[in-house]
>>> print(open('run-v7.cif').read())   # mmCIF, C-alpha atoms
data_final
loop_
_atom_site.group_PDB
_atom_site.id
_atom_site.type_symbol
_atom_site.label_atom_id
_atom_site.label_comp_id
_atom_site.auth_asym_id
_atom_site.auth_seq_id
_atom_site.Cartn_x
_atom_site.Cartn_y
_atom_site.Cartn_z
ATOM 1 C CA MET A 1 -4.419 0.282 -16.922
ATOM 2 C CA ASP A 2 -0.794 0.076 -17.939
ATOM 3 C CA GLU A 3 0.535 1.671 -14.738
ATOM 4 C CA LEU A 4 -1.288 -0.898 -12.595
ATOM 5 C CA LYS A 5 0.440 -3.887 -14.211
ATOM 6 C CA VAL A 6 3.481 -3.278 -12.016
ATOM 7 C CA TYR A 7 1.447 -4.386 -8.979
ATOM 8 C CA SER A 8 0.363 -7.786 -10.346
ATOM 9 C CA VAL A 9 2.780 -10.716 -10.093
ATOM 10 C CA ASN A 10 1.361 -12.395 -13.209
ATOM 11 C CA THR A 11 2.678 -9.635 -15.501
ATOM 12 C CA GLU A 12 6.222 -8.978 -16.687
ATOM 13 C CA LYS A 13 6.275 -5.563 -15.010
ATOM 14 C CA GLY A 14 4.903 -7.063 -11.822
ATOM 15 C CA ARG A 15 7.592 -9.749 -11.694
ATOM 16 C CA GLU A 16 10.262 -7.122 -12.343
ATOM 17 C CA ARG A 17 8.903 -5.099 -9.439
ATOM 18 C CA LEU A 18 8.900 -8.182 -7.216
ATOM 19 C CA GLU A 19 12.550 -8.950 -8.001
ATOM 20 C CA ALA A 20 13.568 -5.334 -7.372
ATOM 21 C CA PHE A 21 11.575 -5.121 -4.136
ATOM 22 C CA THR A 22 13.032 -8.409 -2.852
ATOM 23 C CA LYS A 23 16.557 -7.267 -3.644
ATOM 24 C CA HIS A 24 16.162 -3.930 -1.870
ATOM 25 C CA LEU A 25 13.950 -5.100 1.009
ATOM 26 C CA PRO A 26 16.831 -5.521 3.517
ATOM 27 C CA ASN A 27 17.959 -1.962 2.777
ATOM 28 C CA LEU A 28 14.388 -0.687 3.130
ATOM 29 C CA LEU A 29 14.062 -2.250 6.580
ATOM 30 C CA ASP A 30 17.500 -0.968 7.571
ATOM 31 C CA SER A 31 16.418 2.530 6.524
ATOM 32 C CA ALA A 32 13.351 2.212 8.746
ATOM 33 C CA ARG A 33 15.561 0.780 11.546
ATOM 34 C CA ILE A 34 13.605 -2.458 11.626
ATOM 35 C CA SER A 35 15.322 -5.774 12.411
ATOM 36 C CA PRO A 36 12.773 -8.576 12.043
ATOM 37 C CA PRO A 37 13.349 -11.674 14.184
ATOM 38 C CA LYS A 38 13.999 -15.061 12.592
ATOM 39 C CA LYS A 39 10.890 -16.480 10.940
ATOM 40 C CA ALA A 40 9.052 -13.278 11.747
ATOM 41 C CA ARG A 41 5.268 -13.230 11.537
ATOM 42 C CA VAL A 42 4.460 -10.592 8.902
ATOM 43 C CA LEU A 43 1.005 -9.300 7.988
ATOM 44 C CA CYS A 44 0.733 -7.403 4.689
ATOM 45 C CA LEU A 45 -2.338 -5.154 4.401
ATOM 46 C CA PHE A 46 -3.660 -4.023 1.002
ATOM 47 C CA ALA A 47 -1.593 -6.958 -0.256
ATOM 48 C CA GLY A 48 -3.019 -7.220 -3.785
ATOM 49 C CA SER A 49 -1.253 -10.128 -5.498
ATOM 50 C CA CYS A 50 1.097 -10.544 -2.507
ATOM 51 C CA ASN A 51 4.030 -8.892 -4.242
ATOM 52 C CA GLU A 52 5.574 -7.633 -1.006
ATOM 53 C CA GLY A 53 4.459 -10.688 0.973
ATOM 54 C CA ILE A 54 6.345 -12.988 -1.370
ATOM 55 C CA ALA A 55 9.412 -10.759 -0.983
ATOM 56 C CA TYR A 56 9.303 -11.052 2.832
ATOM 57 C CA ALA A 57 8.925 -14.843 2.601
ATOM 58 C CA GLN A 58 11.806 -15.119 0.148
ATOM 59 C CA ALA A 59 14.226 -12.632 1.705
ATOM 60 C CA PHE A 60 13.601 -13.361 5.391
ATOM 61 C CA HIS A 61 11.879 -16.781 5.455
ATOM 62 C CA ALA A 62 9.035 -14.971 7.173
ATOM 63 C CA ASP A 63 5.675 -16.466 8.085
ATOM 64 C CA VAL A 64 3.570 -14.219 5.852
ATOM 65 C CA THR A 65 -0.146 -13.463 5.799
ATOM 66 C CA CYS A 66 -1.552 -11.329 2.967
ATOM 67 C CA LEU A 67 -4.847 -9.495 3.489
ATOM 68 C CA ASP A 68 -6.795 -7.941 0.629
ATOM 69 C CA LEU A 69 -10.370 -7.438 -0.559
ATOM 70 C CA GLN A 70 -9.758 -8.993 -3.987
ATOM 71 C CA GLN A 71 -9.797 -12.786 -3.985
ATOM 72 C CA ARG A 72 -8.611 -12.891 -7.599
ATOM 73 C CA MET A 73 -5.454 -10.949 -6.783
ATOM 74 C CA LEU A 74 -4.743 -13.092 -3.721
ATOM 75 C CA ALA A 75 -5.072 -16.219 -5.881
ATOM 76 C CA LEU A 76 -2.391 -14.831 -8.222
ATOM 77 C CA GLY A 77 -0.115 -14.328 -5.234
ATOM 78 C CA ARG A 78 -0.666 -17.864 -3.936
ATOM 79 C CA ALA A 79 0.121 -19.289 -7.373
ATOM 80 C CA GLU A 80 3.342 -17.289 -7.655
ATOM 81 C CA ALA A 81 4.390 -18.269 -4.132
ATOM 82 C CA THR A 82 3.773 -21.940 -4.953
ATOM 83 C CA ARG A 83 5.822 -21.577 -8.125
ATOM 84 C CA ARG A 84 8.684 -20.256 -5.987
ATOM 85 C CA ARG A 85 8.155 -23.023 -3.387
ATOM 86 C CA LEU A 86 7.176 -20.503 -0.758
ATOM 87 C CA SER A 87 4.338 -20.847 1.721
ATOM 88 C CA ILE A 88 2.153 -17.813 2.392
ATOM 89 C CA LYS A 89 -1.327 -17.436 3.840
ATOM 90 C CA THR A 90 -3.955 -15.299 2.125
ATOM 91 C CA VAL A 91 -7.069 -13.820 3.719
ATOM 92 C CA LYS A 92 -9.885 -12.057 1.879
ATOM 93 C CA GLY A 93 -11.132 -9.223 4.031
ATOM 94 C CA ASN A 94 -11.180 -5.532 4.829
ATOM 95 C CA ALA A 95 -8.192 -4.035 6.638
ATOM 96 C CA LYS A 96 -10.692 -2.212 8.870
ATOM 97 C CA ASP A 97 -11.709 -5.636 10.223
ATOM 98 C CA VAL A 98 -8.180 -6.920 10.795
ATOM 99 C CA THR A 99 -8.892 -8.117 14.345
ATOM 100 C CA LYS A 100 -11.816 -10.197 13.059
ATOM 101 C CA VAL A 101 -10.243 -11.775 9.973
ATOM 102 C CA VAL A 102 -6.702 -12.694 11.112
ATOM 103 C CA LYS A 103 -5.560 -14.689 14.122
ATOM 104 C CA GLY A 104 -2.589 -14.290 16.422
ATOM 105 C CA ARG A 105 0.019 -11.592 16.885
ATOM 106 C CA PHE A 106 2.502 -10.264 14.348
ATOM 107 C CA ASP A 107 6.068 -9.005 14.550
ATOM 108 C CA LEU A 108 5.536 -6.697 11.587
ATOM 109 C CA VAL A 109 2.419 -5.297 9.923
ATOM 110 C CA THR A 110 3.005 -3.521 6.613
ATOM 111 C CA ILE A 111 1.358 -1.265 4.071
ATOM 112 C CA HIS A 112 3.503 -0.985 0.942
ATOM 113 C CA GLY A 113 2.966 0.591 -2.463
ATOM 114 C CA SER A 114 1.378 3.894 -1.327
ATOM 115 C CA PRO A 115 -2.275 2.726 -1.370
ATOM 116 C CA LEU A 116 -3.654 5.316 1.072
ATOM 117 C CA PRO A 117 -5.061 7.632 -1.655
ATOM 118 C CA HIS A 118 -7.885 5.054 -1.820
ATOM 119 C CA VAL A 119 -8.572 5.312 1.944
ATOM 120 C CA ASP A 120 -10.256 8.140 3.829
ATOM 121 C CA ILE A 121 -8.827 9.366 7.118
ATOM 122 C CA TYR A 122 -11.624 7.861 9.228
ATOM 123 C CA ASP A 123 -11.175 4.374 7.768
ATOM 124 C CA PHE A 124 -7.402 4.625 8.230
ATOM 125 C CA ASP A 125 -7.899 5.628 11.838
ATOM 126 C CA GLN A 126 -9.941 2.439 12.318
ATOM 127 C CA ILE A 127 -7.251 0.371 10.565
ATOM 128 C CA VAL A 128 -4.558 1.736 12.886
ATOM 129 C CA GLN A 129 -6.669 0.886 15.925
ATOM 130 C CA GLY A 130 -6.942 -2.716 14.705
ATOM 131 C CA VAL A 131 -3.246 -3.010 13.877
ATOM 132 C CA ALA A 132 -2.348 -1.911 17.415
ATOM 133 C CA LYS A 133 -4.308 -4.917 18.707
ATOM 134 C CA VAL A 134 -2.689 -7.552 16.457
ATOM 135 C CA LEU A 135 0.928 -6.419 16.903
ATOM 136 C CA GLY A 136 3.138 -8.439 19.204
ATOM 137 C CA LYS A 137 4.868 -6.906 22.230
ATOM 138 C CA ASN A 138 7.832 -5.591 20.226
ATOM 139 C CA GLY A 139 5.997 -5.390 16.913
ATOM 140 C CA THR A 140 6.248 -2.617 14.319
ATOM 141 C CA PHE A 141 3.703 -1.084 11.968
ATOM 142 C CA LEU A 142 5.470 -0.039 8.740
ATOM 143 C CA ILE A 143 3.781 2.181 6.162
ATOM 144 C CA GLU A 144 5.339 3.147 2.842
ATOM 145 C CA GLN A 145 3.552 6.147 1.356
ATOM 146 C CA SER A 146 4.405 9.020 -0.970
ATOM 147 C CA ASP A 147 3.532 12.612 -0.066
ATOM 148 C CA LEU A 148 0.462 13.290 -2.205
ATOM 149 C CA ILE A 149 0.162 16.915 -1.122
ATOM 150 C CA PHE A 150 3.694 17.841 -2.182
ATOM 151 C CA ARG A 151 4.035 15.470 -5.160
ATOM 152 C CA VAL A 152 0.629 15.743 -6.852
ATOM 153 C CA LEU A 153 -0.749 19.225 -6.237
ATOM 154 C CA PRO A 154 2.137 21.275 -7.742
ATOM 155 C CA GLN A 155 1.726 19.418 -11.058
ATOM 156 C CA TYR A 156 -1.990 18.640 -10.886
ATOM 157 C CA LYS A 157 -3.618 18.191 -14.309
ATOM 158 C CA ASP A 158 -7.260 18.797 -15.094
ATOM 159 C CA ALA A 159 -7.133 16.039 -17.721
ATOM 160 C CA PHE A 160 -4.675 13.474 -19.097
ATOM 161 C CA VAL A 161 -4.618 10.170 -20.990
ATOM 162 C CA ALA A 162 -4.242 7.387 -18.403
ATOM 163 C CA ASN A 163 -4.127 4.437 -20.803
ATOM 164 C CA LEU A 164 -3.643 3.919 -24.532
ATOM 165 C CA GLU A 165 -5.081 0.462 -25.232
ATOM 166 C CA PRO A 166 -7.936 0.935 -24.596
ATOM 167 C CA VAL A 167 -7.845 4.699 -24.436
ATOM 168 C CA ILE A 168 -8.833 5.972 -20.987
ATOM 169 C CA VAL A 169 -9.043 9.665 -20.224
ATOM 170 C CA ASN A 170 -8.704 10.870 -16.608
ATOM 171 C CA ILE A 171 -10.594 14.129 -15.936
ATOM 172 C CA HIS A 172 -10.881 16.280 -12.826
ATOM 173 C CA ARG A 173 -14.477 16.534 -11.571
ATOM 174 C CA SER A 174 -14.367 18.129 -8.116
ATOM 175 C CA PHE A 175 -12.389 18.786 -4.952
ATOM 176 C CA ASN A 176 -13.737 18.292 -1.423
ATOM 177 C CA PRO A 177 -11.676 20.350 1.051
ATOM 178 C CA ALA A 178 -13.700 19.136 4.039
ATOM 179 C CA LYS A 179 -13.001 15.444 3.369
ATOM 180 C CA GLY A 180 -9.559 15.913 1.792
ATOM 181 C CA TYR A 181 -10.086 14.304 -1.606
ATOM 182 C CA PHE A 182 -10.455 15.195 -5.252
ATOM 183 C CA GLU A 183 -12.753 13.268 -7.559
ATOM 184 C CA ARG A 184 -11.610 12.068 -10.977
ATOM 185 C CA LEU A 185 -13.646 10.720 -13.894
ATOM 186 C CA TYR A 186 -12.159 7.807 -15.809
ATOM 187 C CA TYR A 187 -13.762 7.835 -19.270
ATOM 188 C CA SER A 188 -13.382 5.229 -22.022
ATOM 189 C CA GLY A 189 -15.935 5.108 -24.828
ATOM 190 C CA SER A 190 -19.293 4.205 -23.293
ATOM 191 C CA LYS A 191 -17.744 3.390 -19.898
ATOM 192 C CA ARG A 192 -17.188 5.939 -17.183
ATOM 193 C CA GLU A 193 -16.317 5.656 -13.497
ATOM 194 C CA LEU A 194 -15.691 8.142 -10.711
ATOM 195 C CA PHE A 195 -12.801 7.704 -8.257
ATOM 196 C CA LYS A 196 -11.948 9.563 -5.081
ATOM 197 C CA VAL A 197 -8.261 10.284 -4.467
ATOM 198 C CA TYR A 198 -7.479 11.189 -0.857
ATOM 199 C CA LEU A 199 -4.577 13.499 -0.052
ATOM 200 C CA TRP A 200 -2.000 12.068 2.348
ATOM 201 C CA SER A 201 1.249 13.336 3.784
ATOM 202 C CA PRO A 202 3.652 11.674 6.257
ATOM 203 C CA TRP A 203 2.798 14.092 9.058
ATOM 204 C CA ILE A 204 -0.890 13.073 8.858
ATOM 205 C CA ILE A 205 0.025 9.384 9.144
ATOM 206 C CA GLU A 206 2.402 10.117 12.021
ATOM 207 C CA TYR A 207 -0.356 11.968 13.887
ATOM 208 C CA ILE A 208 -2.885 9.128 13.493
ATOM 209 C CA LEU A 209 -0.374 6.531 14.715
ATOM 210 C CA LYS A 210 0.490 8.611 17.796
ATOM 211 C CA LYS A 211 -3.200 9.320 18.388
ATOM 212 C CA ASN A 212 -3.782 5.562 18.599
ATOM 213 C CA GLY A 213 -1.055 4.766 21.102
ATOM 214 C CA PHE A 214 2.095 4.304 19.021
ATOM 215 C CA SER A 215 4.566 6.009 21.330
ATOM 216 C CA SER A 216 7.510 5.978 18.912
ATOM 217 C CA VAL A 217 6.979 6.951 15.272
ATOM 218 C CA LYS A 218 9.853 7.459 12.829
ATOM 219 C CA VAL A 219 9.485 9.095 9.400
ATOM 220 C CA VAL A 220 12.292 8.363 6.936
ATOM 221 C CA PRO A 221 12.541 9.439 3.255
ATOM 222 C CA TYR A 222 12.927 6.576 0.787
ATOM 223 C CA SER A 223 12.884 6.047 -2.995
ATOM 224 C CA ASP A 224 10.648 3.405 -4.553
ATOM 225 C CA THR A 225 13.055 0.990 -6.253
ATOM 226 C CA THR A 226 10.745 0.478 -9.253
ATOM 227 C CA THR A 227 9.330 3.929 -9.983
ATOM 228 C CA MET A 228 12.118 5.940 -8.281
ATOM 229 C CA ILE A 229 9.356 8.124 -6.825
ATOM 230 C CA GLN A 230 10.136 9.737 -3.482
ATOM 231 C CA THR A 231 8.234 7.913 -0.745
ATOM 232 C CA TYR A 232 8.429 7.853 3.049
ATOM 233 C CA LEU A 233 8.736 5.026 5.525
ATOM 234 C CA ILE A 234 6.622 5.610 8.620
ATOM 235 C CA ALA A 235 7.401 3.071 11.361
ATOM 236 C CA GLY A 236 5.403 2.951 14.564
ATOM 237 C CA THR A 237 5.981 0.890 17.684
#
>>> encode(input="run-v7.cif", output="structure tokens")
Amino acid sequence: MDELKVYSVNTEKGRERLEAFTKHLPNLLDSARISPPKKARVLCLFAGSCNEGIAYAQAFHADVTCLDLQQRMLALGRAEATRRRLSIKTVKGNAKDVTKVVKGRFDLVTIHGSPLPHVDIYDFDQIVQGVAKVLGKNGTFLIEQSDLIFRVLPQYKDAFVANLEPVIVNIHRSFNPAKGYFERLYYSGSKRELFKVYLWSPWIIEYILKKNGFSSVKVVPYSDTTTMIQTYLIAGT
């Protein structure tokens, strides 16, 4: 879909997002009161095509590992990093299994781009448990996530056109109040697919981090430099 092109480094929109994110990354970390050490070890979860990972390597000369389920997207990130003469590691795996698929300790573990609507609260709880085990002594877990409850629900649409070429219509199917998600049908000609969208808010993330032993959790408002959507930086140590 058109709106997803911004997350892939092999598209014009994706490269524009990468340049903007790299430029504003120092300010983002300052806002979250994070000062990474020299050559910091950074682990990017839900990394996709390593957009943010490349930014950390370029802006801070960090030792970056990108973890994602999609090998194809990771390959795009490796190619772009090579083109920029940067060295990053990529690992195909589930963030729930972080202790099994990555080695060593990290100064900073990140989740950027507000991906949590694709993750239920139980899986995220498991992810946080794993992150706590791979963080170094003074490490930080940084999550960038918009407030889905405040931002989406007041302007929720039963149906809208999500893409023009090809035409894809996004239609509300159901809401599950017990599990905290609504289900949407993506319909295009003979193809149809159901997606669950989980509702997240900063206070829920803060609670799960504290529940899993993060004694200090800061929540700071921030604006995505590409979409200008209000997001929040949740930093746990």
>>> resolve_selection(input="run-v7.cif", expression="the PyMOL selection byres ((chain A and resi 68) around 10)", output="PyMOL selection string")
chain A and resi 44-50+66-67+69-74+90-95
>>> closest_residue(input="run-v7.cif", among="A:Leu116, A:Ala178, A:Ala57, A:Leu18", to="Val197 in chain A", atoms="all atoms listed in the file")
A:Leu116
>>> residues_around(input="run-v7.cif", residues="Leu194 in chain A", least_positions_apart="2", cutoff="12 Å", atoms="all atoms listed in the file", output="PyMOL selection string")
chain A and resi 169-174+182-188+191-192+196-197
>>> atom_distance(input="run-v7.cif", atom1="CA of Phe214 in chain A", atom2="CA of Tyr181 in chain A")
26.0 Å
>>> resolve_selection(input="run-v7.cif", expression="the PyMOL selection byres ((chain A and resi 60) around 10)", output="PyMOL selection string")
chain A and resi 22+25-26+36-40+54-59+61-63
>>> residues_near_point(input="run-v7.cif", point="(8.2, 1.8, 14.3)", cutoff="6 Å", atoms="all atoms listed in the file", output="NGL selection string")
:A and (140-141 or 217 or 235-237)
>>> resolve_selection(input="run-v7.cif", expression="the PyMOL selection byres ((chain A and resi 98) around 10)", output="ChimeraX atom specification")
/A:43,45,67,91,93-97,99-103,126-131,133-134
>>> atom_distance(input="run-v7.cif", atom1="CA of Gly14 in chain A", atom2="CA of Arg85 in chain A")
18.3 Å
>>> closest_residue(input="run-v7.cif", among="A:Leu209, A:Leu153, A:Phe160, A:Gly104", to="Phe175 in chain A", atoms="only C-alpha atoms")
A:Leu153
>>> residues_around(input="run-v7.cif", residues="Gly113 in chain A", least_positions_apart="5", cutoff="12 Å", atoms="all atoms listed in the file", output="VMD selection string")
chain A and resid 4 6 to 8 17 to 18 21 44 to 53 118 142 to 146 223 to 227 229 to 233
>>> write_last_selection(input="run-v7.cif", atoms="C-alpha atoms", output="JSON list (two decimals), keeping the file's coordinate frame")
[["chain", "number", "residue", "atom", "x", "y", "z"],
["A", 4, "LEU", "CA", -1.29, -0.90, -12.60],
["A", 6, "VAL", "CA", 3.48, -3.28, -12.02],
["A", 7, "TYR", "CA", 1.45, -4.39, -8.98],
["A", 8, "SER", "CA", 0.36, -7.79, -10.35],
["A", 17, "ARG", "CA", 8.90, -5.10, -9.44],
["A", 18, "LEU", "CA", 8.90, -8.18, -7.22],
["A", 21, "PHE", "CA", 11.58, -5.12, -4.14],
["A", 44, "CYS", "CA", 0.73, -7.40, 4.69],
["A", 45, "LEU", "CA", -2.34, -5.15, 4.40],
["A", 46, "PHE", "CA", -3.66, -4.02, 1.00],
["A", 47, "ALA", "CA", -1.59, -6.96, -0.26],
["A", 48, "GLY", "CA", -3.02, -7.22, -3.78],
["A", 49, "SER", "CA", -1.25, -10.13, -5.50],
["A", 50, "CYS", "CA", 1.10, -10.54, -2.51],
["A", 51, "ASN", "CA", 4.03, -8.89, -4.24],
["A", 52, "GLU", "CA", 5.57, -7.63, -1.01],
["A", 53, "GLY", "CA", 4.46, -10.69, 0.97],
["A", 118, "HIS", "CA", -7.88, 5.05, -1.82],
["A", 142, "LEU", "CA", 5.47, -0.04, 8.74],
["A", 143, "ILE", "CA", 3.78, 2.18, 6.16],
["A", 144, "GLU", "CA", 5.34, 3.15, 2.84],
["A", 145, "GLN", "CA", 3.55, 6.15, 1.36],
["A", 146, "SER", "CA", 4.40, 9.02, -0.97],
["A", 223, "SER", "CA", 12.88, 6.05, -3.00],
["A", 224, "ASP", "CA", 10.65, 3.40, -4.55],
["A", 225, "THR", "CA", 13.06, 0.99, -6.25],
["A", 226, "THR", "CA", 10.74, 0.48, -9.25],
["A", 227, "THR", "CA", 9.33, 3.93, -9.98],
["A", 229, "ILE", "CA", 9.36, 8.12, -6.82],
["A", 230, "GLN", "CA", 10.14, 9.74, -3.48],
["A", 231, "THR", "CA", 8.23, 7.91, -0.74],
["A", 232, "TYR", "CA", 8.43, 7.85, 3.05],
["A", 233, "LEU", "CA", 8.74, 5.03, 5.52]]
>>> closest_residue(input="run-v7.cif", among="A:Ile34, A:Val9, A:Leu148, A:Ile88", to="Lys218 in chain A", atoms="all atoms listed in the file")
A:Ile34
>>> atom_distance(input="run-v7.cif", atom1="CA of Lys23 in chain A", atom2="CA of Asp147 in chain A")
24.0 Å
>>> decode(input="run-v7.cif", residues="range 103-130 of chain A", atoms="N, CA and C atoms", output="PDB file, in the first residue's frame")
ATOM      1  N   LYS A 103      22.865 -12.464  20.345  1.00  0.00           N
ATOM      2  CA  LYS A 103      23.889 -12.755  21.349  1.00  0.00           C
ATOM      3  C   LYS A 103      24.419 -11.465  21.970  1.00  0.00           C
ATOM      4  N   GLY A 104      24.815 -11.562  23.228  1.00  0.00           N
ATOM      5  CA  GLY A 104      25.450 -10.438  23.893  1.00  0.00           C
ATOM      6  C   GLY A 104      24.462  -9.485  24.531  1.00  0.00           C
ATOM      7  N   ARG A 105      25.011  -8.406  25.057  1.00  0.00           N
ATOM      8  CA  ARG A 105      24.230  -7.369  25.734  1.00  0.00           C
ATOM      9  C   ARG A 105      24.231  -6.093  24.901  1.00  0.00           C
ATOM     10  N   PHE A 106      23.196  -5.282  25.094  1.00  0.00           N
ATOM     11  CA  PHE A 106      23.037  -4.078  24.282  1.00  0.00           C
ATOM     12  C   PHE A 106      22.885  -2.845  25.176  1.00  0.00           C
ATOM     13  N   ASP A 107      23.440  -1.738  24.672  1.00  0.00           N
ATOM     14  CA  ASP A 107      23.297  -0.460  25.372  1.00  0.00           C
ATOM     15  C   ASP A 107      21.915   0.147  25.156  1.00  0.00           C
ATOM     16  N   LEU A 108      21.329  -0.165  24.004  1.00  0.00           N
ATOM     17  CA  LEU A 108      20.035   0.409  23.644  1.00  0.00           C
ATOM     18  C   LEU A 108      19.261  -0.601  22.802  1.00  0.00           C
ATOM     19  N   VAL A 109      18.040  -0.875  23.214  1.00  0.00           N
ATOM     20  CA  VAL A 109      17.111  -1.692  22.425  1.00  0.00           C
ATOM     21  C   VAL A 109      15.955  -0.789  22.032  1.00  0.00           C
ATOM     22  N   THR A 110      15.570  -0.804  20.757  1.00  0.00           N
ATOM     23  CA  THR A 110      14.575   0.150  20.274  1.00  0.00           C
ATOM     24  C   THR A 110      13.413  -0.527  19.561  1.00  0.00           C
ATOM     25  N   ILE A 111      12.278   0.149  19.645  1.00  0.00           N
ATOM     26  CA  ILE A 111      11.115  -0.133  18.786  1.00  0.00           C
ATOM     27  C   ILE A 111      10.665   1.210  18.249  1.00  0.00           C
ATOM     28  N   HIS A 112      10.876   1.432  16.961  1.00  0.00           N
ATOM     29  CA  HIS A 112      10.484   2.694  16.319  1.00  0.00           C
ATOM     30  C   HIS A 112       9.360   2.449  15.312  1.00  0.00           C
ATOM     31  N   GLY A 113       8.675   3.539  14.956  1.00  0.00           N
ATOM     32  CA  GLY A 113       7.686   3.458  13.881  1.00  0.00           C
ATOM     33  C   GLY A 113       6.304   3.015  14.317  1.00  0.00           C
ATOM     34  N   SER A 114       6.039   2.978  15.630  1.00  0.00           N
ATOM     35  CA  SER A 114       4.702   2.637  16.149  1.00  0.00           C
ATOM     36  C   SER A 114       4.148   1.317  15.607  1.00  0.00           C
ATOM     37  N   PRO A 115       4.878   0.199  15.769  1.00  0.00           N
ATOM     38  CA  PRO A 115       4.391  -1.073  15.232  1.00  0.00           C
ATOM     39  C   PRO A 115       3.490  -1.865  16.175  1.00  0.00           C
ATOM     40  N   LEU A 116       3.278  -1.398  17.404  1.00  0.00           N
ATOM     41  CA  LEU A 116       2.574  -2.216  18.389  1.00  0.00           C
ATOM     42  C   LEU A 116       1.116  -2.538  18.047  1.00  0.00           C
ATOM     43  N   PRO A 117       0.432  -1.785  17.171  1.00  0.00           N
ATOM     44  CA  PRO A 117      -0.919  -2.214  16.786  1.00  0.00           C
ATOM     45  C   PRO A 117      -0.974  -3.623  16.187  1.00  0.00           C
ATOM     46  N   HIS A 118       0.181  -4.160  15.788  1.00  0.00           N
ATOM     47  CA  HIS A 118       0.231  -5.521  15.242  1.00  0.00           C
ATOM     48  C   HIS A 118       0.562  -6.552  16.323  1.00  0.00           C
ATOM     49  N   VAL A 119       0.679  -6.118  17.579  1.00  0.00           N
ATOM     50  CA  VAL A 119       1.151  -6.996  18.660  1.00  0.00           C
ATOM     51  C   VAL A 119       0.130  -7.002  19.791  1.00  0.00           C
ATOM     52  N   ASP A 120      -0.258  -8.200  20.257  1.00  0.00           N
ATOM     53  CA  ASP A 120      -1.183  -8.220  21.388  1.00  0.00           C
ATOM     54  C   ASP A 120      -0.417  -8.032  22.700  1.00  0.00           C
ATOM     55  N   ILE A 121      -1.141  -7.734  23.757  1.00  0.00           N
ATOM     56  CA  ILE A 121      -0.516  -7.342  25.014  1.00  0.00           C
ATOM     57  C   ILE A 121       0.282  -8.484  25.636  1.00  0.00           C
ATOM     58  N   TYR A 122      -0.142  -9.721  25.405  1.00  0.00           N
ATOM     59  CA  TYR A 122       0.559 -10.872  25.974  1.00  0.00           C
ATOM     60  C   TYR A 122       1.902 -11.105  25.281  1.00  0.00           C
ATOM     61  N   ASP A 123       1.922 -10.949  23.958  1.00  0.00           N
ATOM     62  CA  ASP A 123       3.177 -11.082  23.218  1.00  0.00           C
ATOM     63  C   ASP A 123       4.136  -9.959  23.594  1.00  0.00           C
ATOM     64  N   PHE A 124       3.608  -8.733  23.761  1.00  0.00           N
ATOM     65  CA  PHE A 124       4.473  -7.618  24.131  1.00  0.00           C
ATOM     66  C   PHE A 124       5.060  -7.825  25.516  1.00  0.00           C
ATOM     67  N   ASP A 125       4.272  -8.363  26.410  1.00  0.00           N
ATOM     68  CA  ASP A 125       4.763  -8.669  27.749  1.00  0.00           C
ATOM     69  C   ASP A 125       5.954  -9.629  27.668  1.00  0.00           C
ATOM     70  N   GLN A 126       5.857 -10.620  26.791  1.00  0.00           N
ATOM     71  CA  GLN A 126       6.954 -11.577  26.603  1.00  0.00           C
ATOM     72  C   GLN A 126       8.177 -10.899  25.992  1.00  0.00           C
ATOM     73  N   ILE A 127       7.940  -9.979  25.049  1.00  0.00           N
ATOM     74  CA  ILE A 127       9.040  -9.237  24.424  1.00  0.00           C
ATOM     75  C   ILE A 127       9.794  -8.427  25.474  1.00  0.00           C
ATOM     76  N   VAL A 128       9.058  -7.743  26.338  1.00  0.00           N
ATOM     77  CA  VAL A 128       9.680  -6.912  27.372  1.00  0.00           C
ATOM     78  C   VAL A 128      10.513  -7.771  28.322  1.00  0.00           C
ATOM     79  N   GLN A 129      10.010  -8.939  28.666  1.00  0.00           N
ATOM     80  CA  GLN A 129      10.779  -9.845  29.517  1.00  0.00           C
ATOM     81  C   GLN A 129      12.113 -10.202  28.877  1.00  0.00           C
ATOM     82  N   GLY A 130      12.097 -10.474  27.563  1.00  0.00           N
ATOM     83  CA  GLY A 130      13.327 -10.816  26.853  1.00  0.00           C
ATOM     84  C   GLY A 130      14.282  -9.648  26.757  1.00  0.00           C
TER      85      GLY A 130
END
